[in-house]
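*Asks:* Supplied in structure tokens, the structure appears directly below.
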Amino acid sequence: MCAVETFSPIAEQAIDFLTAIAEPVSRPALMHEYLLTEYSLYAAVSVGIQADSIISVLGKLCKTDLPVRLMDFIRLHTRSYGKVKLVLKDNHQYVESAFPDVLRTLLQDNTIRDARIVVASEDQNADELNTRMQTFEPVNFARPVSAAAGKRGGKGAQEPSHAIAPAYVSSFSSNNNPQARKSSIDAQQLVKQNPQTPSQPPATENEFIDLFDDDNDPFDMHDDPFATFEIAREKSEHVRKACSTAGYPILEEYDFRNDSMLPTFDLVLKPAAILRPYQEKSLNKMFGNGRARSGIIVLPCGAGKTLVGVTAACTVKKRVLVLCTSAVSVEQWAREFKSWTNLKEGEVAKFTSQHKELLTNDNGVLISTYTMVTFSSKRAYDAQKMMDYICSREWGLLILDEVHVVPADMFKKVLTIVAAHCKLGLTATLVREDDKIANLNYLIGPKLYEANWMDLAKKGHIANVKCSEVWCTMTREFYKEYLDQSSRKRQLLYVMNPNKIQACQYLIDFHEQRGDKVIVFSDNVFALKHYATKLNRPYIYGGSSTADRLRTLQQFKYNPAVNTIFLSKVGDTSIDIPEASCLIQISSHYGSRRQEAQRLGRILRAKKNSTGNSATDGYNSFFYTLVSRDTEEVFYCSKRQQFLIDQGYSYDIITRMEGMETVAPLVYSTLNQRLELLATILVSNDMVDLREIEEDGDEDALALFGITREDALDGDGSGTKRRRSSGLSSGGAVVQSVTSMKSLSGADNMAYIEQNRGGLGNEFRRKKK
């Protein structure tokens with residue numbers, strides 16, 4: 001574990017250096033923590049930073065001597081990277097290496113040997129490898145910039161960027177770090193070793209300006225013979241994993257400028273597209289040696305990930321496939337390509353349940369969703385025709401939006417279905433609640449670049465957000481039922497807490513009077529509809545059609561009379577709402593750290609009309625999480641906040657909102673109204689909308705209800721129909737209830753109440769006595 005003292009005069013350079021060679025763990029105000037792992041070293045080597053340079057810099061920057069074990073660890077996990085490549089040629093995949101002995105070692109693995117395709121000429125001796133000569137012409141990376149940017153910079157567009165010089169770094173140990181990986185180096189153990197590196201004085205900034213030069217690419221092998229063997233494309237994922245386990249992670253690079261097989265088309269950025277410095281830096285990590293490296297770029301929500309992807313496509317200038325999480329994201333990507341580039345009509349095609357368009361001239365940008373591509377059951381004719389088109393062609397660049405969903409079993413199949421020379425993953429939250437996030441290292445590639453959220457906020461690239469946790473006391477009657485009910489019913493009770501509804505109403509009214517645009521998030525669809533209906537606001541959930549979603553979003557963006565919108569979890573990712581400046585969260589997916597960060601991202605775009613003090617705080621946004629006190633929601637809330645706290649954010653605890661009692665009229669202000677609400681909740685069904693799960697890629701949630709993904713979708717992959725044989729209603733919900741006459745008669749949402757008011761019944765009983 002390493003730490004950077006952010007108050008050092010050269011801390012910015014140190015942070016850039018450690019971000020390139022280590023994994024960020026926590027980045028609060030005064031001290032940043034980083035963890036050195038084998039995958040982080042692979043990523044460092046992939047962008048041209050060599051082991052000797054890493055050791056030399058750390059030796060001069062650390063306050064303690066570098067232990068021998070640390071240097072051995074760095075050399076061990078950097079010398080093998082780049083020796084094995086995965087190459088796509090003529091829609092066939094080949095494993096290549098300039099070191100034949102390495103390939104022979106890999107072929108000893110049963111997984112790799114089974115995936116190998118032995119051609120007729122190799123039948124005599126399956127251990128023999130094909131050899132061929134491959135040459136590369138040195139190419140200088142031309143960073144795509146606008147004419148305005150060229151004038152402003154004063155340097156030629158052909159000048160490549162160099163890695164940022166490191167600065168003064170201190171090293172320390174962390175005894176209780178649950179995130180430490182098995183392969184990571186514990187600094188406390190390192191200092192126990194007998195160091196052989198002499199202590200060196202602290203570094204100065206000028207000493208390391210030329211240590212890392214992207215032009216010195218360690219993987220340039222001019223005129224070197226390559227040993228190669230072909231593998232089955234459907235088994236490429238297992239080959240990547242096996243190679244990574246064997247200590248030879250596969251390098252995937254695409255020499256797009258010398259590729260004469262794929263047609264090149266004229267795709268350039270418009271002059272109005274000016275990249276920010278961190279966007280240029282991330283692209284230099286991808287194209288620093290003139291070839292396109294497969295990997296992942298991590299930027300905060302609202303920081304311009306889409307423009308980074310568009311610029312990467314403009315650099316490659318080959319056929320591009322973009323995969324998103326929802327149909328709304330498809331529309332947004334199509335709009336961004338048309339807005340920032342010179343693409344004409346027909347050169348941007350969409351493949352969704354409503355649009356099935358082919359590229360004119362067989363070249364351009366095709367945009368679809370993970371669900372449409374990975375659907376495995378029988379398709380409609382036009383959908384199958386689109387899939388045949390996608391599978392029969394090579395793609396120069398595959399852009400994977402919200403790449404953190406790819407490790408899910410339902411989505412990672414895209415990597416074997418689509419034949420792509422280069423893969424670019426984009427996300428703001430490289431985190432999952434399971435252990436699958438590390439799989440992206442061999443599925444996609446190393447992390448090429450990760451931005452610092454708070455640093456971008458200070459520079460005004462994203463909004464400066466004030467996070468608050470609002471504690472809402474449970475009413476007496478609700479808390480009594482909460483203690484006696486089942487788990488799912490308890491969840492509904494603390495979400496529908498009348499005091500929470502009143503707090504939500506107060507915050508909406510307060511921020512609407514300020515002129516803010518407000519988003520209210522709820523995972524629970526029952527609560528979403530009830531809140532929105534009671535407060536007379538529009539809402540979007542899994543059952544909303546794409547047309548309804550787009551219409552509601554347009555009203556929210558441009559209609560001054562619509563200042564608040566309610567969203568379910570389908571709005572967590574890939575929905576661009578730059579006008580929103582306030583977010584209220586009333587229900588969430590248990591302790592999901594990723595969801596918390598993704599929802600914060602809905603309000604991260606810097607606001608030009610912010611009412612905050614721009615002289616001190618920049619553009620302000622507000623993030624509220626409403627929590628019912630003394631419930632399990634408090635525990636989940638603290639777990640959800642951990643990722644944002646590690647990014648440098650802090651939460652204010654609000655136990656009482658001044659002035660809320662004076663607001664009139666507040667909903668559920670009388671006991672009778674609260675009792676009526678409680679009765680409605682108690683007779684309601686516990687339901688989960690499958691469309692919410694499908695668009696989020698939550699296979700665990702599907703498994704919880706014993707449903708396969710094929711059961712949740714129709715034959716077109718659109719998810720508009722449901723199979724009743726799987727217990728699915730036409731509304732797309734799984735109903736967990738004991739069958740009764742009330743259910744069969746359609747009275748699940750009704751209650752029979754008998755009231756004794758005297759009259760004829762009492763007279764009859766008295767006479768009978």
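Residue numbers start at 1 in each chain; chains themselves are named A, B, ... in the order of the structure tokens; ligands are numbered from 1 in the order shown.
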Just want the 9 Å neighbourhood of Thr306 in chain A, counted on only C-alpha atoms, with same-chain residues fewer than 2 positions away dropped. Output as a PyMOL selection string.
*Replies:* chain A and resi 303-304+308-311+333+336-337+401+426
*Asks:* Residues near Asn497 in chain A, anyone? I mean within 8 Å using only C-alpha atoms, not counting same-chain ones fewer than 6 positions away, as number ranges by chain.
*Replies:* A: 474-475, 478, 628
*Asks:* Would you kindly return, as a ChimeraX atom specification, each protein, DNA or RNA residue with an atom no farther than 10 Å from any atom of Tyr651 in chain A, considering only C-alpha atoms and excluding same-chain residues fewer than 6 positions away?
*Replies:* /A:466-470,623-625,641,644-645
*Asks:* Do a neighbour search on Leu299 in chain A at 9 Å with only C-alpha atoms, toss out local chain neighbours closer than 5 positions, and write the hits as a list in words.
*Replies:*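 Contacts, in chain order: Tyr278, Gln279, Gly304, Lys305, Leu426, Thr427, Ala428, Thr429, Tyr449, Glu450, Ala451, Asn452 and Trp453 of chain A.
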*Asks:* Let me make sure I understand: among A:Phe566, A:Phe375, A:Phe229, A:Phe256, which one has the smallest atom-to-atom distance to Ser587 in chain A if we use only C-alpha atoms?
*Replies:*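 With only C-alpha atoms as the atom set, the closest residue is A:Phe566.
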*Asks:* What's the separation between CA of Lys356 in chain A and CA of Asp382 in chain A, in Å to one decimal place?
*Replies:* 7.1 Å
*Asks:* Just checking: using only C-alpha atoms, which residue out of A:Leu66, A:Ala334, A:Ala419, A:Val328 ends up closest to Ala232 in chain A?
*Replies:*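 Among the listed residues, the smallest separation from Ala232 in chain A belongs to A:Ala419.
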*Asks:* List every residue of range 252-497 of chain A that DSSP, applied to the backbone of this structure, assigns to strand (DSSP E or B), and report them as a ChimeraX atom specification.
*Replies:* /A:253-254,269,292-293,295-298,320-324,341,348-351,356,365-369,394-401,419-427,447-450,462,464-472
*Asks:* Provide the CA of Pro446 in chain A to CA of Ala44 in chain A distance in Å, to one decimal place.
*Replies:*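 Separation of CA of Pro446 in chain A and CA of Ala44 in chain A: 8.6 Å.
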*Asks:* When you draw a straight line from CA of Thr6 in chain A to CA of Val465 in chain A, how long is it in Å?
*Replies:* 20.8 Å
*Asks:* Go through range 404-523 of chain A residue by residue and, counting only C-alpha atoms, keep those with an atom at most 6 Å from range 390-397 of chain A; for each kept residue give the shortest atom pair and its distance in Å to one decimal, ordered by chain and increasing number, as a Markdown table.
*Replies:*
| residue | atom | partner | partner_atom | distance |
| --- | --- | --- | --- | --- |
| A:Val418 | CA | A:Cys391 | CA | 5.8 |
| A:Ala419 | CA | A:Glu394 | CA | 5.2 |
| A:Ala420 | CA | A:Trp395 | CA | 4.6 |
| A:His421 | CA | A:Gly396 | CA | 5.2 |
| A:Cys422 | CA | A:Leu397 | CA | 4.9 |
| A:Lys423 | CA | A:Leu397 | CA | 5.9 |
*Asks:* Could you please take those selected residues and save N, CA and C atoms as a PDB file, in the first residue's frame?
*Replies:*
ATOM      1  N   VAL A 418     -19.176 -11.046 -31.247  1.00  0.00           N
ATOM      2  CA  VAL A 418     -18.694  -9.971 -32.113  1.00  0.00           C
ATOM      3  C   VAL A 418     -17.197 -10.129 -32.345  1.00  0.00           C
ATOM      4  N   ALA A 419     -16.782 -10.072 -33.599  1.00  0.00           N
ATOM      5  CA  ALA A 419     -15.363 -10.134 -33.960  1.00  0.00           C
ATOM      6  C   ALA A 419     -14.844  -8.708 -34.107  1.00  0.00           C
ATOM      7  N   ALA A 420     -14.099  -8.246 -33.112  1.00  0.00           N
ATOM      8  CA  ALA A 420     -13.611  -6.870 -33.094  1.00  0.00           C
ATOM      9  C   ALA A 420     -12.102  -6.854 -32.918  1.00  0.00           C
ATOM     10  N   HIS A 421     -11.430  -5.961 -33.657  1.00  0.00           N
ATOM     11  CA  HIS A 421      -9.977  -5.838 -33.541  1.00  0.00           C
ATOM     12  C   HIS A 421      -9.569  -5.135 -32.254  1.00  0.00           C
ATOM     13  N   CYS A 422     -10.372  -4.189 -31.808  1.00  0.00           N
ATOM     14  CA  CYS A 422     -10.033  -3.411 -30.621  1.00  0.00           C
ATOM     15  C   CYS A 422     -11.289  -3.205 -29.791  1.00  0.00           C
ATOM     16  N   LYS A 423     -11.153  -3.293 -28.462  1.00  0.00           N
ATOM     17  CA  LYS A 423     -12.285  -3.113 -27.550  1.00  0.00           C
ATOM     18  C   LYS A 423     -11.970  -1.961 -26.598  1.00  0.00           C
TER      19      LYS A 423
END
*Asks:* With distances taken over only C-alpha atoms, which residue among A:Ala408, A:Thr655, A:Val298, A:Glu477 lies nearest Asn672 in chain A?
*Replies:*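 Closest to Asn672 in chain A, using only C-alpha atoms: A:Glu477.
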*Asks:* I need the residue nearest Ser26 in chain A from this list: A:Cys2, A:Phe622, A:Glu596, A:Ala43. Use only C-alpha atoms for the distance.
*Replies:*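 Among A:Cys2, A:Phe622, A:Glu596, A:Ala43, it is A:Cys2 that comes nearest to Ser26 in chain A.
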